[in-house]
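Just below is one structure, and these are the notes that go with it.
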Amino acid sequence: MPAVTAGRRRGPLERNAAWLGRSDAWQELETPALCIDLAALEYNLDHLARWARGAGIRLRPHVKTHKCQAIARLQRAAGAIGVSAATVAEAEVMVAADVGPVLLTSPPVGAAKLARVAALHAAAPERLLVVTDTPESVAELEAVATASGWPLGVLLEHHAGHGRSGCETLAELETLVRAVAAAPHLRLRGLQHYFGHLQHLSDPAERRARVLEATGAAQALLAALRAGGATLEIVSGGGTGTLLSAAESGLYTELQAGSYVFMDAQYEDALAEDTTLEFHPALFVAARVTSVQSAASRGYVSIDAGQKALSIDMPGPRPRGAAGTAYEFFGDEHGRWLLPPGAVPPPRGARVDLSPAHCDPTVALHAAYHVFRGTELVAIWPIDARGH
């Protein structure tokens, strides 16, 4: 397992390094700290890999969830064909990790980002694919490939109903096909079809019906494009919340699930009724009780994890292993650990753990993962693409 690099000034990666290899690290950790339950992570990686092999579909997991080279290498070792990245910075970090071809899932915009993509492609011409969704983007990527001196593989994006980016109509896609065909240094590789707005629908029947409706429309577009002579061997998309129905649709050659590695409170709720493909919560934020003054009358204690340690885009995180308790944000550095009626408050200094409501933005708030097997701290992994 990769561990923390020694020999630097004491910083975010070193603050808990003294507890590496110790079984009492669970209680002694400096908080707030982002932690991984390694057994749960390993289960999730193996579980999805086995399912995908049985379903005859490839995995290109999205690293925007974890932003970590060590985890990407574990995904690759479990059978992933490569990874997906949302940003140029993530793509740079993952190409450097040598985890297979990286698909940049958002078209790069702006001279600075395009120059970085050109440099990345020149350094690793066989390890980068880029999504495009407008003729202007095609022209920019042609300039990137010309500057690098190597052909660049591109995927056309169909927005699949989320409306964030991508083409909507067959005519728009056909225009892109012609633009790519006219670009000497671009190679048309496939189609990206991602429906982020369907990932967290809590009714499994509704989620399945809407996925099959969206993928049915995409299959018609794909057939028309292929009938017109377009070579589209890759169809990439899907996510953790739609794995089953995406595979059932028969549309995809590869799936981009990301959150399955960790799960979070939001996905636990959305997928509570799905029993065919279950994942284990593997990510948590360790905190410590900082004040118990008047806890009995107030009904809470204060802890040292607030808005700078936990994502605030969803309802609050969920206390882990403490039935009847709840959490409320209490400022930048603090939270309220709400107690059930009549409960004895935990003492000042006690460790408490929280499952994030949304794993991706919680990860972006931290510099490192503290990796536990049981109560032993076995590694500290940097969150390599955070802050780039």
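Going through the structure tokens in order, the chains are called A, B, and so on, while each chain numbers its residues from 1 and the ligands are numbered from 1 in the order shown.
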
Near-Leu128 in chain A list (8 Å; only C-alpha atoms; drop same-chain fewer than 2 positions) as a ChimeraX atom specification: /A:95,101-104,121,124-126,130,152-153

Identify, on the basis of only C-alpha atoms, every residue whose closest approach to Pro356 in chain A does not exceed 9 Å; exclude the query and any residue fewer than 5 positions from it along the same chain; express the result as a PyMOL selection string. chain A and resi 263-266+283-285+310-311+316-319+362

Convert the current residue selection to file output with N, CA and C atoms, as a CSV table (one decimal), in the first residue's frame.
```csv
chain,number,residue,atom,x,y,z
A,263,MET,N,-19.5,5.3,-1.6
A,263,MET,CA,-20.9,5.5,-1.3
A,263,MET,C,-21.0,6.8,-0.4
A,264,ASP,N,-22.2,7.2,-0.1
A,264,ASP,CA,-22.4,8.4,0.8
A,264,ASP,C,-23.8,8.3,1.2
A,265,ALA,N,-24.2,9.2,2.1
A,265,ALA,CA,-25.6,9.1,2.7
A,265,ALA,C,-26.6,9.3,1.6
A,266,GLN,N,-26.3,10.2,0.7
A,266,GLN,CA,-27.3,10.4,-0.4
A,266,GLN,C,-27.5,9.2,-1.2
A,283,LEU,N,-16.3,5.7,3.3
A,283,LEU,CA,-15.7,7.0,3.5
A,283,LEU,C,-16.3,7.6,4.8
A,284,PHE,N,-15.6,8.2,5.6
A,284,PHE,CA,-16.1,8.9,6.8
A,284,PHE,C,-15.2,10.0,7.2
A,285,VAL,N,-15.7,11.0,7.9
A,285,VAL,CA,-14.9,12.0,8.5
A,285,VAL,C,-14.9,11.8,10.0
A,310,LEU,N,-16.9,19.1,5.6
A,310,LEU,CA,-18.0,18.3,5.1
A,310,LEU,C,-18.8,19.1,4.1
A,311,SER,N,-19.2,18.4,3.0
A,311,SER,CA,-19.9,19.1,1.9
A,311,SER,C,-21.2,19.7,2.5
A,316,GLY,N,-27.2,17.5,5.8
A,316,GLY,CA,-26.0,17.2,6.5
A,316,GLY,C,-25.6,15.8,6.5
A,317,PRO,N,-24.4,15.5,6.9
A,317,PRO,CA,-23.9,14.1,7.0
A,317,PRO,C,-24.6,13.3,8.1
A,318,ARG,N,-24.3,12.0,8.0
A,318,ARG,CA,-25.0,11.1,8.9
A,318,ARG,C,-24.1,10.5,10.0
A,319,PRO,N,-24.4,10.7,11.3
A,319,PRO,CA,-23.5,10.1,12.3
A,319,PRO,C,-23.4,8.6,12.0
A,362,THR,N,-16.9,16.6,-0.4
A,362,THR,CA,-16.3,16.4,0.8
A,362,THR,C,-14.8,16.1,0.6
```

At a cut-off of 7 Å, using only C-alpha atoms, what residues contact range 344-350 of chain A? Leave out same-chain residues fewer than 3 positions from it and give the result as a ChimeraX atom specification. /A:288-292,295

Write the selection just made, keeping C-alpha atoms, as an mmCIF file, in the first residue's frame?
```cif
data_model
loop_
_atom_site.group_PDB
_atom_site.id
_atom_site.type_symbol
_atom_site.label_atom_id
_atom_site.label_comp_id
_atom_site.auth_asym_id
_atom_site.auth_seq_id
_atom_site.Cartn_x
_atom_site.Cartn_y
_atom_site.Cartn_z
ATOM 1 C CA ARG A 288 -13.828 14.914 18.131
ATOM 2 C CA VAL A 289 -16.119 16.321 20.799
ATOM 3 C CA THR A 290 -14.884 19.792 21.747
ATOM 4 C CA SER A 291 -17.519 20.956 24.234
ATOM 5 C CA VAL A 292 -20.119 19.258 26.427
ATOM 6 C CA ALA A 295 -25.220 19.319 26.856
#
```

Write out as a ChimeraX atom specification all residues of range 320-385 of chain A that DSSP puts in strand (DSSP E) for this structure's backbone. /A:326-329,335-338,351-355,368-373,376-382

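Remark: for Leu176 in chain A, the closest of the candidate residues A:Ser297, A:Ser148, A:Thr325, A:Thr132 is A:Thr132 (distances computed over only C-alpha atoms).
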
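Excluding Val180 in chain A and any residue on its chain fewer than 4 positions from it, the residues at most 10 Å away by only C-alpha atoms are Thr132, Pro135, Val138, Ala139, Leu141, Glu142, Gly153, Val154, Leu155, Leu156, Glu174, Thr175, Leu176, Pro184, His185, Leu186, Arg187 and Leu188 of chain A.
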
Could those residues be written to a file, using N, CA and C atoms, as a CSV table (one decimal), in the first residue's frame?
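Wrote it out as again_25.csv, contents follow:
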```
chain,number,residue,atom,x,y,z
A,132,THR,N,-16.1,16.1,-27.0
A,132,THR,CA,-16.4,17.3,-27.7
A,132,THR,C,-17.9,17.4,-28.0
A,135,PRO,N,-18.9,22.4,-32.9
A,135,PRO,CA,-17.9,22.6,-33.9
A,135,PRO,C,-16.7,23.4,-33.5
A,138,VAL,N,-14.4,21.1,-31.6
A,138,VAL,CA,-13.7,20.3,-32.6
A,138,VAL,C,-12.5,21.0,-33.2
A,139,ALA,N,-12.7,22.3,-33.6
A,139,ALA,CA,-11.6,23.1,-34.1
A,139,ALA,C,-10.5,23.3,-33.1
A,141,LEU,N,-9.8,21.3,-30.6
A,141,LEU,CA,-9.1,20.0,-30.3
A,141,LEU,C,-8.2,19.6,-31.5
A,142,GLU,N,-8.6,20.0,-32.7
A,142,GLU,CA,-7.7,19.8,-33.9
A,142,GLU,C,-6.4,20.6,-33.7
A,153,GLY,N,-8.0,11.0,-30.1
A,153,GLY,CA,-9.3,10.4,-30.1
A,153,GLY,C,-10.3,11.2,-29.4
A,154,VAL,N,-11.5,11.3,-30.0
A,154,VAL,CA,-12.6,12.1,-29.4
A,154,VAL,C,-13.9,11.3,-29.4
A,155,LEU,N,-14.7,11.7,-28.4
A,155,LEU,CA,-16.1,11.2,-28.2
A,155,LEU,C,-17.0,12.3,-28.4
A,156,LEU,N,-18.1,12.1,-29.1
A,156,LEU,CA,-19.2,13.1,-29.2
A,156,LEU,C,-20.0,13.0,-27.9
A,174,GLU,N,-24.6,14.9,-36.3
A,174,GLU,CA,-24.1,14.7,-37.6
A,174,GLU,C,-23.2,15.9,-38.0
A,175,THR,N,-23.5,17.1,-37.6
A,175,THR,CA,-22.6,18.2,-37.8
A,175,THR,C,-21.2,18.0,-37.2
A,176,LEU,N,-21.2,17.4,-36.0
A,176,LEU,CA,-20.0,17.1,-35.3
A,176,LEU,C,-19.2,16.0,-36.0
A,184,PRO,N,-7.8,16.6,-39.8
A,184,PRO,CA,-6.9,15.6,-40.1
A,184,PRO,C,-6.3,14.9,-38.9
A,185,HIS,N,-6.2,15.6,-37.7
A,185,HIS,CA,-5.5,15.0,-36.6
A,185,HIS,C,-6.5,14.4,-35.5
A,186,LEU,N,-7.8,14.4,-35.8
A,186,LEU,CA,-8.7,13.9,-34.8
A,186,LEU,C,-9.2,12.5,-35.3
A,187,ARG,N,-9.5,11.6,-34.4
A,187,ARG,CA,-10.1,10.3,-34.7
A,187,ARG,C,-11.4,10.1,-33.9
A,188,LEU,N,-12.5,9.9,-34.6
A,188,LEU,CA,-13.8,9.7,-33.9
A,188,LEU,C,-13.8,8.3,-33.3
```

What is the distance between CA of Ala52 in chain A and CA of Arg73 in chain A, in Å to one decimal? 17.6 Å

Could you tell me, as a PyMOL selection string, which residues of range 196-260 of chain A DSSP assigns to alpha helix (DSSP H) when given the backbone? chain A and resi 204-227+243-249

Would you put the residues from that selection into a file with C-alpha atoms, as a PDB file, in the first residue's frame?
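Output file result01.pdb follows:
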```
ATOM      1  CA  PRO A 204     -36.114   2.022  -8.546  1.00  0.00           C
ATOM      2  CA  ALA A 205     -38.973   1.517 -11.013  1.00  0.00           C
ATOM      3  CA  GLU A 206     -39.006   5.180 -12.009  1.00  0.00           C
ATOM      4  CA  ARG A 207     -35.215   5.266 -12.295  1.00  0.00           C
ATOM      5  CA  ARG A 208     -35.179   2.174 -14.513  1.00  0.00           C
ATOM      6  CA  ALA A 209     -38.002   3.458 -16.731  1.00  0.00           C
ATOM      7  CA  ARG A 210     -36.373   6.823 -17.276  1.00  0.00           C
ATOM      8  CA  VAL A 211     -32.960   5.289 -17.986  1.00  0.00           C
ATOM      9  CA  LEU A 212     -34.415   2.902 -20.544  1.00  0.00           C
ATOM     10  CA  GLU A 213     -36.324   5.774 -22.146  1.00  0.00           C
ATOM     11  CA  ALA A 214     -33.155   7.862 -22.413  1.00  0.00           C
ATOM     12  CA  THR A 215     -30.998   5.005 -23.667  1.00  0.00           C
ATOM     13  CA  GLY A 216     -33.638   3.982 -26.189  1.00  0.00           C
ATOM     14  CA  ALA A 217     -33.500   7.462 -27.692  1.00  0.00           C
ATOM     15  CA  ALA A 218     -29.703   7.308 -27.748  1.00  0.00           C
ATOM     16  CA  GLN A 219     -29.758   3.917 -29.505  1.00  0.00           C
ATOM     17  CA  ALA A 220     -31.850   5.420 -32.301  1.00  0.00           C
ATOM     18  CA  LEU A 221     -29.371   8.299 -32.681  1.00  0.00           C
ATOM     19  CA  LEU A 222     -26.443   5.909 -32.608  1.00  0.00           C
ATOM     20  CA  ALA A 223     -27.990   3.687 -35.282  1.00  0.00           C
ATOM     21  CA  ALA A 224     -28.586   6.700 -37.523  1.00  0.00           C
ATOM     22  CA  LEU A 225     -25.008   7.915 -37.107  1.00  0.00           C
ATOM     23  CA  ARG A 226     -23.589   4.481 -37.873  1.00  0.00           C
ATOM     24  CA  ALA A 227     -25.875   4.154 -40.895  1.00  0.00           C
ATOM     25  CA  LEU A 243     -25.598   0.656 -13.181  1.00  0.00           C
ATOM     26  CA  LEU A 244     -28.243  -2.040 -13.455  1.00  0.00           C
ATOM     27  CA  SER A 245     -30.542  -0.300 -15.920  1.00  0.00           C
ATOM     28  CA  ALA A 246     -27.632   1.071 -17.962  1.00  0.00           C
ATOM     29  CA  ALA A 247     -26.310  -2.452 -18.458  1.00  0.00           C
ATOM     30  CA  GLU A 248     -29.828  -3.744 -19.155  1.00  0.00           C
ATOM     31  CA  SER A 249     -30.251  -1.177 -21.939  1.00  0.00           C
TER      32      SER A 249
END
```

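Restricting the calculation to only C-alpha atoms, the smallest distance between Thr375 in chain A and any of A:Phe279, A:Trp150, A:Phe195, A:Trp26 is found for A:Trp26.
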
From the list A:Leu74, A:Ala230, A:Ile380, A:Ala385, which residue is nearest Leu20 in chain A when using only C-alpha atoms? A:Ile380

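Ranking A:Glu30, A:Glu42, A:Asp332, A:Glu168 by their shortest atom-to-atom distance to Thr134 in chain A, with only C-alpha atoms included, puts A:Glu168 first.
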